[in-house]
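Shown next: upload-v8.cif, given as mmCIF, C-alpha atoms.
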data_input
loop_
_atom_site.label_atom_id
_atom_site.label_comp_id
_atom_site.auth_asym_id
_atom_site.auth_seq_id
_atom_site.Cartn_x
_atom_site.Cartn_y
_atom_site.Cartn_z
CA MET A 15 0.00 0.00 0.00
CA THR A 16 1.22 3.50 -0.79
CA ALA A 17 0.35 6.67 1.08
CA PRO A 18 -1.44 9.68 -0.42
CA HIS A 19 0.84 12.38 -1.80
CA SER A 20 2.75 14.08 1.00
CA ARG A 21 2.20 17.76 1.77
CA ALA A 22 5.02 20.30 1.72
CA LEU A 23 6.31 21.30 5.15
CA ASN A 24 6.11 24.98 6.12
CA ARG A 25 6.50 27.19 9.18
CA ASN A 26 2.99 26.31 10.33
CA THR A 27 3.53 22.54 10.19
CA VAL A 28 2.76 20.98 13.59
CA LEU A 29 5.33 18.52 14.92
CA CYS A 30 4.51 15.37 16.88
CA VAL A 31 7.14 12.88 18.04
CA SER A 32 7.69 9.56 19.74
CA LEU A 33 10.23 8.83 22.47
CA ALA A 34 11.55 5.26 22.70
CA ALA A 35 14.76 3.44 23.52
CA ARG A 36 14.48 1.51 20.25
CA PRO A 37 12.14 3.48 17.99
CA SER A 38 10.59 1.78 14.98
CA ASP A 39 9.01 3.24 11.87
CA ILE A 40 5.57 1.82 12.70
CA GLY A 41 4.18 4.82 14.57
CA THR A 42 5.91 7.29 12.26
CA ARG A 43 4.38 5.70 9.18
CA PHE A 44 0.94 5.32 10.82
CA HIS A 45 0.63 8.96 11.83
CA ASN A 46 2.17 10.44 8.69
CA TYR A 47 -0.07 8.29 6.51
CA LEU A 48 -3.17 9.69 8.21
CA TYR A 49 -1.86 13.29 8.15
CA ASN A 50 -1.48 12.98 4.38
CA ARG A 51 -4.70 11.02 3.92
CA LEU A 52 -6.70 13.65 5.78
CA GLY A 53 -4.82 16.72 4.51
CA LEU A 54 -3.54 17.79 7.95
CA ASN A 55 -0.51 20.06 8.26
CA PHE A 56 1.27 17.80 10.75
CA VAL A 57 4.44 15.70 10.64
CA TYR A 58 5.57 12.89 12.96
CA LYS A 59 9.16 11.93 13.83
CA ALA A 60 10.57 9.19 16.09
CA PHE A 61 13.46 9.84 18.50
CA ALA A 62 15.64 7.80 20.84
CA PRO A 63 16.38 10.37 23.57
CA THR A 64 19.63 10.28 25.50
CA ASP A 65 18.14 12.46 28.28
CA ILE A 66 14.42 11.99 28.86
CA ALA A 67 14.08 15.10 31.05
CA SER A 68 15.61 17.28 28.34
CA ALA A 69 13.43 15.62 25.71
CA VAL A 70 10.24 16.40 27.63
CA ALA A 71 11.46 19.96 28.23
CA GLY A 72 11.88 20.24 24.46
CA ILE A 73 8.24 19.24 23.94
CA ARG A 74 7.19 22.16 26.10
CA GLY A 75 9.65 24.68 24.74
CA LEU A 76 9.63 24.18 20.97
CA PRO A 77 6.56 23.63 21.16
CA ILE A 78 5.79 20.08 20.02
CA ARG A 79 2.09 19.23 19.96
CA GLY A 80 2.30 15.64 21.18
CA ALA A 81 4.59 12.74 21.97
CA GLY A 82 4.15 9.00 22.11
CA VAL A 83 6.10 7.45 25.00
CA SER A 84 7.42 3.90 24.79
CA MET A 85 9.59 1.60 26.91
CA PRO A 86 11.44 2.38 29.09
CA TYR A 87 10.07 5.91 29.64
CA LYS A 88 6.40 5.30 30.50
CA GLU A 89 7.01 5.84 34.22
CA ALA A 90 10.12 8.04 33.99
CA VAL A 91 8.14 10.93 32.46
CA ILE A 92 5.52 11.11 35.23
CA ASP A 93 7.38 13.67 37.34
CA LEU A 94 7.93 15.82 34.24
CA ILE A 95 4.23 16.22 33.42
CA ASP A 96 1.88 19.03 34.52
CA VAL A 97 -1.46 17.20 34.38
CA MET A 98 -1.99 13.45 34.74
CA GLU A 99 -5.26 12.64 33.01
CA GLU A 100 -7.35 9.79 34.40
CA SER A 101 -6.19 7.13 31.95
CA ALA A 102 -2.55 7.69 32.97
CA ALA A 103 -3.07 8.50 36.66
CA ALA A 104 -5.14 5.37 37.25
CA ILE A 105 -2.25 3.09 36.34
CA ASP A 106 0.77 5.35 36.96
CA SER A 107 1.94 4.94 33.37
CA VAL A 108 2.15 7.39 30.46
CA ASN A 109 2.22 6.58 26.76
CA THR A 110 0.98 9.90 25.37
CA ILE A 111 1.85 13.53 26.09
CA VAL A 112 -0.26 16.37 24.70
CA ASN A 113 1.06 19.93 24.83
CA ASP A 114 -1.72 22.49 25.31
CA ASP A 115 -0.04 25.91 25.11
CA GLY A 116 2.90 24.83 27.25
CA VAL A 117 0.89 22.69 29.69
CA LEU A 118 1.78 19.01 29.32
CA HIS A 119 -1.07 16.52 29.77
CA ALA A 120 -0.41 12.78 30.13
CA TYR A 121 -2.68 9.98 28.88
CA ASN A 122 -2.47 6.22 28.45
CA THR A 123 -4.01 4.99 25.21
CA ASP A 124 -2.34 1.57 25.62
CA TYR A 125 -4.93 0.72 28.27
CA GLN A 126 -7.92 1.50 26.07
CA ALA A 127 -6.48 -0.32 23.06
CA VAL A 128 -5.80 -3.48 25.07
CA ALA A 129 -9.19 -3.32 26.82
CA ASP A 130 -10.98 -3.02 23.45
CA LEU A 131 -9.07 -5.98 22.00
CA LEU A 132 -9.68 -8.16 25.07
CA ALA A 133 -13.37 -7.29 25.08
CA ALA A 134 -13.64 -8.46 21.46
CA SER A 135 -11.62 -11.65 22.06
CA ARG A 136 -12.87 -15.18 22.69
CA PHE A 137 -10.45 -15.77 25.57
CA ASP A 138 -12.02 -17.59 28.54
CA ARG A 139 -12.27 -14.95 31.26
CA THR A 140 -12.35 -17.59 34.02
CA ALA A 141 -9.27 -19.52 32.80
CA PRO A 142 -5.78 -18.78 34.21
CA VAL A 143 -3.79 -15.94 32.64
CA ALA A 144 -0.06 -15.25 33.06
CA VAL A 145 1.32 -11.76 32.37
CA ALA A 146 5.07 -11.38 31.88
CA GLY A 147 6.32 -7.99 33.05
CA SER A 148 5.67 -5.30 35.65
CA GLY A 149 6.53 -2.06 33.83
CA GLY A 150 4.38 0.58 32.21
CA MET A 151 2.90 -1.66 29.51
CA ALA A 152 2.21 -4.41 32.04
CA LYS A 153 0.28 -1.90 34.15
CA ALA A 154 -1.96 -1.07 31.19
CA VAL A 155 -2.51 -4.74 30.36
CA VAL A 156 -3.28 -5.85 33.92
CA ALA A 157 -5.73 -2.98 34.39
CA ALA A 158 -7.41 -3.92 31.11
CA LEU A 159 -7.66 -7.58 32.16
CA ARG A 160 -9.46 -6.54 35.34
CA ALA A 161 -11.74 -4.14 33.47
CA THR A 162 -12.76 -6.82 30.97
CA GLY A 163 -13.58 -9.46 33.58
CA PHE A 164 -10.55 -11.77 33.79
CA THR A 165 -10.54 -13.29 37.27
CA ASP A 166 -7.51 -15.62 37.48
CA VAL A 167 -4.36 -13.65 36.65
CA THR A 168 -0.75 -14.05 37.77
CA VAL A 169 1.79 -11.28 37.19
CA VAL A 170 5.10 -12.98 36.47
CA ALA A 171 7.92 -10.55 37.23
CA ARG A 172 11.44 -10.95 38.56
CA ASN A 173 11.13 -7.53 40.17
CA ARG A 174 9.43 -8.71 43.34
CA ALA A 175 8.41 -5.28 44.60
CA ALA A 176 6.96 -3.99 41.34
CA GLY A 177 5.28 -7.28 40.49
CA ALA A 178 3.69 -7.70 43.91
CA VAL A 179 2.38 -4.12 43.97
CA LEU A 180 0.91 -4.41 40.47
CA ALA A 181 -0.79 -7.73 41.20
CA ALA A 182 -2.18 -6.61 44.56
CA ARG A 183 -3.60 -3.43 43.06
CA TYR A 184 -6.04 -5.47 40.99
CA GLY A 185 -6.56 -8.42 43.34
CA TYR A 186 -4.31 -10.77 41.38
CA ARG A 187 -1.28 -12.92 42.32
CA HIS A 188 2.43 -12.35 41.77
CA ALA A 189 5.15 -14.88 41.01
CA VAL A 190 8.83 -14.35 40.24
CA ASN A 191 8.66 -17.07 37.59
CA ALA A 192 6.05 -19.22 35.91
CA ALA A 193 7.05 -22.51 37.55
CA GLY A 194 3.97 -24.46 38.61
CA LEU A 195 1.57 -22.31 36.59
CA ALA A 196 -0.73 -23.67 33.89
CA PRO A 197 -2.06 -20.57 32.12
CA ALA A 198 -4.51 -20.84 29.26
CA THR A 199 -3.73 -17.31 28.04
CA LEU A 200 -0.21 -15.91 27.93
CA VAL A 201 0.47 -12.19 27.87
CA ASN A 202 3.85 -10.69 27.03
CA ALA A 203 4.31 -7.15 28.34
CA THR A 204 8.12 -7.15 28.09
CA PRO A 205 10.55 -6.40 25.21
CA ILE A 206 11.25 -10.14 24.75
CA GLY A 207 10.79 -11.00 21.08
CA MET A 208 11.42 -7.45 19.83
CA ALA A 209 13.46 -7.20 16.64
CA GLY A 210 16.91 -5.74 17.22
CA GLY A 211 16.89 -6.51 20.92
CA PRO A 212 19.00 -9.07 22.80
CA ASP A 213 16.02 -11.45 23.11
CA ALA A 214 14.64 -11.11 19.57
CA ASP A 215 14.43 -14.88 19.10
CA ALA A 216 13.31 -15.75 22.62
CA LEU A 217 9.96 -16.70 24.11
CA PRO A 218 8.71 -14.77 27.16
CA PHE A 219 7.62 -18.07 28.76
CA ASP A 220 9.08 -21.58 28.80
CA GLU A 221 8.37 -23.50 25.61
CA ALA A 222 6.27 -26.05 27.52
CA LEU A 223 3.92 -23.30 28.74
CA VAL A 224 3.61 -21.88 25.23
CA ASP A 225 2.84 -25.34 23.85
CA ALA A 226 0.13 -25.89 26.47
CA ALA A 227 -1.55 -22.45 26.21
CA THR A 228 -4.71 -21.82 24.21
CA GLY A 229 -4.06 -18.20 23.22
CA CYS A 230 -1.88 -15.14 23.72
CA LEU A 231 -1.74 -11.37 23.80
CA GLU A 232 1.52 -9.86 22.59
CA VAL A 233 2.50 -6.20 23.04
CA VAL A 234 5.68 -6.31 20.94
CA ALA A 235 4.79 -4.89 17.52
CA MET A 236 8.14 -5.20 15.77
CA PRO A 237 7.94 -7.76 14.30
CA PRO A 238 4.18 -8.43 14.33
CA ASP A 239 4.91 -12.17 14.27
CA THR A 240 7.07 -12.57 17.36
CA PRO A 241 8.24 -16.05 18.39
CA MET A 242 5.24 -16.41 20.72
CA VAL A 243 2.73 -15.25 18.09
CA ARG A 244 4.24 -17.63 15.52
CA ALA A 245 4.03 -20.55 17.94
CA MET A 246 0.36 -19.85 18.70
CA ARG A 247 -0.68 -19.26 15.10
CA ALA A 248 1.07 -22.46 13.97
CA ARG A 249 -1.44 -24.31 16.17
CA GLY A 250 -4.39 -22.29 14.92
CA LEU A 251 -4.94 -20.56 18.28
CA GLU A 252 -6.35 -17.10 18.95
CA THR A 253 -3.73 -14.37 19.20
CA ILE A 254 -3.82 -10.65 19.78
CA SER A 255 -0.64 -9.34 18.18
CA GLY A 256 1.35 -6.25 19.00
CA ASP A 257 0.53 -4.59 15.69
CA ALA A 258 -3.17 -4.64 16.64
CA VAL A 259 -2.34 -3.07 20.00
CA ILE A 260 -0.17 -0.35 18.48
CA ALA A 261 -2.78 0.50 15.82
CA GLY A 262 -5.48 0.96 18.45
CA GLN A 263 -3.38 3.10 20.75
CA ALA A 264 -1.95 5.13 17.84
CA ALA A 265 -5.43 5.93 16.54
CA ALA A 266 -6.38 7.26 19.98
CA GLN A 267 -3.18 9.32 20.09
CA PHE A 268 -3.91 10.70 16.63
CA ALA A 269 -7.28 11.97 17.82
CA LEU A 270 -5.73 13.59 20.89
CA TYR A 271 -3.08 15.38 18.81
CA THR A 272 -5.26 16.55 15.93
CA GLY A 273 -8.83 16.63 17.23
CA VAL A 274 -9.77 14.39 14.29
CA THR A 275 -11.02 10.82 14.82
CA PRO A 276 -10.07 8.57 11.90
CA THR A 277 -12.59 6.07 10.60
CA PRO A 278 -12.07 2.31 11.09
CA GLU A 279 -11.23 2.04 7.40
CA GLN A 280 -8.63 4.81 7.66
CA ILE A 281 -7.12 3.13 10.73
CA ARG A 282 -6.93 -0.16 8.82
CA GLU A 283 -5.23 1.56 5.87
CA ALA A 284 -2.72 3.31 8.14
CA SER A 285 -1.98 0.10 10.02
CA GLU A 286 -1.34 -1.79 6.77
CA TYR A 287 0.86 1.02 5.49
CA SER A 288 2.81 1.19 8.75
CA ARG A 289 3.83 -2.45 8.32
CA ALA A 290 4.55 -2.30 4.57
CA GLY A 291 8.05 -2.41 3.18
CA ASP A 292 7.77 0.73 1.03
CA ALA A 293 9.38 3.49 3.08
CA THR A 294 8.20 6.37 0.90
CA LEU A 295 5.29 8.60 1.76
CA THR A 296 4.34 9.37 -1.83
CA GLY A 297 2.62 7.24 -4.40
#

Kindly transcribe the structure held in the file into structure tokens.
Amino acid sequence: MTAPHSRALNRNTVLCVSLAARPSDIGTRFHNYLYNRLGLNFVYKAFAPTDIASAVAGIRGLPIRGAGVSMPYKEAVIDLIDVMEESAAAIDSVNTIVNDDGVLHAYNTDYQAVADLLAASRFDRTAPVAVAGSGGMAKAVVAALRATGFTDVTVVARNRAAGAVLAARYGYRHAVNAAGLAPATLVNATPIGMAGGPDADALPFDEALVDAATGCLEVVAMPPDTPMVRAMRARGLETISGDAVIAGQAAAQFALYTGVTPTPEQIREASEYSRAGDATLTG
């Protein structure tokens, strides 16, 4: 798929960015596709900041209209924000910053995207679930599991303090590893399986647990077919992949930045384009 013809940049072009340790082109392509598709004078650029405090100060001072926030900065930016909106304050995790005339507002669109996908899934809400991770994305996922009625959840995290606090907040259990568990649904809320990372070819759970599970939710979007997703799909099982999560949260971010809500068809087009191999924005 090719994007609509790009618009020329000018002094009135509004800048939005993303801040991530290992930025991909997925969000950049998604947002820029929709800016061009809808004729909006915006441009989106991904950054890997070396100093997160200075990066957030730059959002305020330039000014930059909005910023997506990815691992490992979802919690680190909290003290740098002026207003924590309910979606971010409820789970102490930020994935979106909106700059309103120098006042920085924080949101979490990860939570809503995951909740929407879980609500539409066929996962058994009474069957055991294991969630790997205890960071910002794990907070969004665990909150969404509770909101959509999942009752038997174990947060699997080596960080005992963070894992125990997260699990207790929603009435779930914590374990430092998955030994002895028999989860039907596996959730990866860690960078394991991410392309370019040290664990790109690894599974977030032991192979025996993956083989015994009946479905999974993956938050890693690059690649969309992580080792866990491939293993589940090879057996014909239900999966929620990271590219679905990132499309949902990016669409919500887009609306916050621009005030324009894209249609489901436009979101589908942008999601397909964001994963395509053609790196150009003209066609």

Pull out every residue that the PyMOL selection byres ((chain A and resi 182-185) around 10) matches in the shown coordinates and put them as number ranges by chain. A: 105, 153, 156-157, 159-161, 165-169, 177-181, 186-188

Could you work out how far CA of Val155 in chain A lies from CA of Ala226 in chain A, giving the answer in Å with one decimal?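 Separation between CA of Ala226 in chain A and CA of Val155 in chain A: 21.7 Å.
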
Each residue of range 63-155 of chain A lying at most 7 Å from range 251-272 of chain A should get a row with its shortest atom-to-atom pair and the distance in Å to one decimal, counting only C-alpha atoms; could you produce that, ordered by chain and increasing number, as CSV?
residue,atom,partner,partner_atom,distance
A:Arg79,CA,A:Tyr271,CA,6.5
A:Gly80,CA,A:Tyr271,CA,5.9
A:Thr110,CA,A:Gln267,CA,6.7
A:Val112,CA,A:Tyr271,CA,6.6
A:Thr123,CA,A:Gln263,CA,4.9
A:Asp124,CA,A:Gln263,CA,5.2
A:Ala127,CA,A:Gly262,CA,4.9
A:Val128,CA,A:Val259,CA,6.2

Writer output for current selection, C-alpha atoms, as an mmCIF file, keeping the file's coordinate frame:
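Printed below is out15.cif as written:
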data_model
loop_
_atom_site.group_PDB
_atom_site.id
_atom_site.type_symbol
_atom_site.label_atom_id
_atom_site.label_comp_id
_atom_site.auth_asym_id
_atom_site.auth_seq_id
_atom_site.Cartn_x
_atom_site.Cartn_y
_atom_site.Cartn_z
ATOM 1 C CA ARG A 79 2.090 19.230 19.960
ATOM 2 C CA GLY A 80 2.300 15.640 21.180
ATOM 3 C CA THR A 110 0.980 9.900 25.370
ATOM 4 C CA VAL A 112 -0.260 16.370 24.700
ATOM 5 C CA THR A 123 -4.010 4.990 25.210
ATOM 6 C CA ASP A 124 -2.340 1.570 25.620
ATOM 7 C CA ALA A 127 -6.480 -0.320 23.060
ATOM 8 C CA VAL A 128 -5.800 -3.480 25.070
#

Give the padded box for range 233-240 of chain A as lines of an AutoDock Vina configuration file: axis-aligned, covering all atoms listed in the file, 8 Å on each side, centre and edge lengths in Å to one decimal.
center_x = 5.3
center_y = -8.7
center_z = 18.7
size_x = 21.6
size_y = 23.7
size_z = 24.8

Identify which of the residues A:Asp220, A:Glu232, A:Asp239, A:Asp130 lies closest to Pro205 in chain A, counting only C-alpha atoms when measuring atom-to-atom distances.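 Among the listed residues, the smallest separation from Pro205 in chain A belongs to A:Glu232.
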
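All residues that come within 10 Å of the coordinates (4.8, -16.6, 19.7), counting only C-alpha atoms, are given as Leu200, Asn202, Gly207, Asp215, Ala216, Leu217, Pro218, Phe219, Glu221, Val224, Asp225, Gly229, Cys230, Leu231, Glu232, Pro238, Asp239, Thr240, Pro241, Met242, Val243, Arg244, Ala245, Met246, Arg247, Ala248, Thr253 and Ser255 of chain A.
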
Would you list the residues near (5.6, -2.8, 8.3) (no more than 10 Å away, in the coordinates of the file, using all atoms listed in the file) as a PyMOL selection string? chain A and resi 38-41+43-44+235-238+257+285-293

What does the distance between CA of Thr228 in chain A and CA of Arg136 in chain A come to in Å, to one decimal place?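 Atom-to-atom, CA of Thr228 in chain A and CA of Arg136 in chain A are spaced 10.6 Å apart.
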
Have a look at A:Ala284, A:Ala198, A:Ala189, A:Ala69 and name the one nearest to Asn50 in chain A; count all atoms listed in the file. A:Ala284

Applied to this file, what does the PyMOL selection byres ((chain A and resi 113) around 7) return in terms of residues, put as an MDAnalysis selection string? chainID A and resid 74 78:80 111:112 114:119

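Reported to one decimal place, the separation of CA of Arg282 in chain A from CA of Arg51 in chain A is 12.4 Å.
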
Counting all atoms listed in the file, the option among A:Gly150, A:Gly210, A:Leu33, A:Ala144 closest to Leu223 in chain A: A:Ala144

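Using all atoms listed in the file, the nearest neighbour of Ala35 in chain A within the list A:Leu94, A:Leu48, A:Lys88, A:Val70 is A:Lys88.
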
Taking into account only C-alpha atoms, which residue in the set A:Ala133, A:Ile73, A:Ala146, A:Val170 is nearest to Leu29 in chain A?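 Among A:Ala133, A:Ile73, A:Ala146, A:Val170, it is A:Ile73 that comes nearest to Leu29 in chain A.
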
Using all atoms listed in the file, pick whichever of A:Ser101, A:Thr204, A:Ser135, A:Ser32 has the shortest atom-to-atom distance to Met151 in chain A.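 Among the listed residues, A:Thr204 lies closest to Met151 in chain A.
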
Would you list the contacts of Glu89 in chain A as JSON, numbers by chain, taking every protein, DNA or RNA residue within 9 Å and counting all atoms listed in the file, but skipping same-chain residues closer than 3 positions in sequence? {"A": [85, 86, 92, 93, 106, 107, 108, 109, 149, 150]}

Please output range 249-260 of chain A, rebuilt to include all heavy atoms, as a CSV table (one decimal), keeping the file's coordinate frame.
chain,number,residue,atom,x,y,z
A,249,ARG,N,-0.5,-23.3,15.6
A,249,ARG,CA,-1.4,-24.3,16.2
A,249,ARG,C,-2.9,-23.9,16.0
A,249,ARG,O,-3.8,-24.5,16.5
A,249,ARG,CB,-1.2,-24.5,17.7
A,249,ARG,CG,0.2,-25.1,18.0
A,249,ARG,CD,0.6,-24.9,19.4
A,249,ARG,NE,-0.4,-25.4,20.3
A,249,ARG,CZ,-0.6,-24.9,21.6
A,249,ARG,NH1,0.1,-23.9,22.0
A,249,ARG,NH2,-1.6,-25.4,22.3
A,250,GLY,N,-3.1,-22.8,15.2
A,250,GLY,CA,-4.4,-22.3,14.9
A,250,GLY,C,-5.1,-21.7,16.1
A,250,GLY,O,-6.3,-21.6,16.1
A,251,LEU,N,-4.3,-21.1,17.1
A,251,LEU,CA,-4.9,-20.6,18.3
A,251,LEU,C,-5.1,-19.0,18.2
A,251,LEU,O,-4.5,-18.4,17.4
A,251,LEU,CB,-4.0,-20.9,19.5
A,251,LEU,CG,-3.8,-22.4,19.8
A,251,LEU,CD1,-2.8,-22.5,20.9
A,251,LEU,CD2,-5.1,-23.1,20.1
A,252,GLU,N,-6.0,-18.5,19.0
A,252,GLU,CA,-6.4,-17.1,19.0
A,252,GLU,C,-5.2,-16.3,19.5
A,252,GLU,O,-4.6,-16.6,20.6
A,252,GLU,CB,-7.6,-16.8,19.8
A,252,GLU,CG,-8.0,-15.3,19.7
A,252,GLU,CD,-9.3,-15.0,20.4
A,252,GLU,OE1,-9.9,-15.9,21.1
A,252,GLU,OE2,-9.8,-13.9,20.2
A,253,THR,N,-4.8,-15.3,18.8
A,253,THR,CA,-3.7,-14.4,19.2
A,253,THR,C,-4.2,-12.9,19.0
A,253,THR,O,-4.9,-12.6,18.1
A,253,THR,CB,-2.4,-14.6,18.4
A,253,THR,OG1,-2.7,-14.2,17.0
A,253,THR,CG2,-2.0,-16.0,18.4
A,254,ILE,N,-3.7,-12.1,20.0
A,254,ILE,CA,-3.8,-10.6,19.8
A,254,ILE,C,-2.4,-10.2,19.6
A,254,ILE,O,-1.6,-10.3,20.6
A,254,ILE,CB,-4.5,-10.0,21.0
A,254,ILE,CG1,-5.9,-10.4,21.1
A,254,ILE,CG2,-4.4,-8.4,20.8
A,254,ILE,CD1,-6.6,-9.9,22.4
A,255,SER,N,-2.0,-9.7,18.5
A,255,SER,CA,-0.6,-9.3,18.2
A,255,SER,C,-0.4,-7.9,18.5
A,255,SER,O,-1.3,-7.1,18.6
A,255,SER,CB,-0.3,-9.6,16.7
A,255,SER,OG,-1.2,-8.9,15.9
A,256,GLY,N,0.9,-7.6,18.6
A,256,GLY,CA,1.4,-6.2,19.0
A,256,GLY,C,1.0,-5.2,18.0
A,256,GLY,O,0.8,-4.0,18.3
A,257,ASP,N,0.9,-5.6,16.7
A,257,ASP,CA,0.5,-4.6,15.7
A,257,ASP,C,-0.9,-4.1,15.9
A,257,ASP,O,-1.3,-3.0,15.6
A,257,ASP,CB,0.8,-5.1,14.3
A,257,ASP,CG,0.1,-6.4,13.9
A,257,ASP,OD1,-0.2,-7.2,14.9
A,257,ASP,OD2,-0.1,-6.7,12.8
A,258,ALA,N,-1.8,-5.0,16.4
A,258,ALA,CA,-3.2,-4.6,16.6
A,258,ALA,C,-3.2,-3.7,17.8
A,258,ALA,O,-4.0,-2.7,17.8
A,258,ALA,CB,-4.0,-5.9,16.9
A,259,VAL,N,-2.4,-4.0,18.8
A,259,VAL,CA,-2.3,-3.1,20.0
A,259,VAL,C,-1.8,-1.7,19.6
A,259,VAL,O,-2.4,-0.7,20.0
A,259,VAL,CB,-1.4,-3.7,21.1
A,259,VAL,CG1,-1.3,-2.7,22.3
A,259,VAL,CG2,-2.0,-5.0,21.6
A,260,ILE,N,-0.8,-1.6,18.8
A,260,ILE,CA,-0.2,-0.4,18.5
A,260,ILE,C,-1.1,0.4,17.6
A,260,ILE,O,-1.1,1.7,17.6
A,260,ILE,CB,1.2,-0.5,17.9
A,260,ILE,CG1,2.0,0.8,18.0
A,260,ILE,CG2,1.2,-1.0,16.4
A,260,ILE,CD1,3.5,0.6,17.6
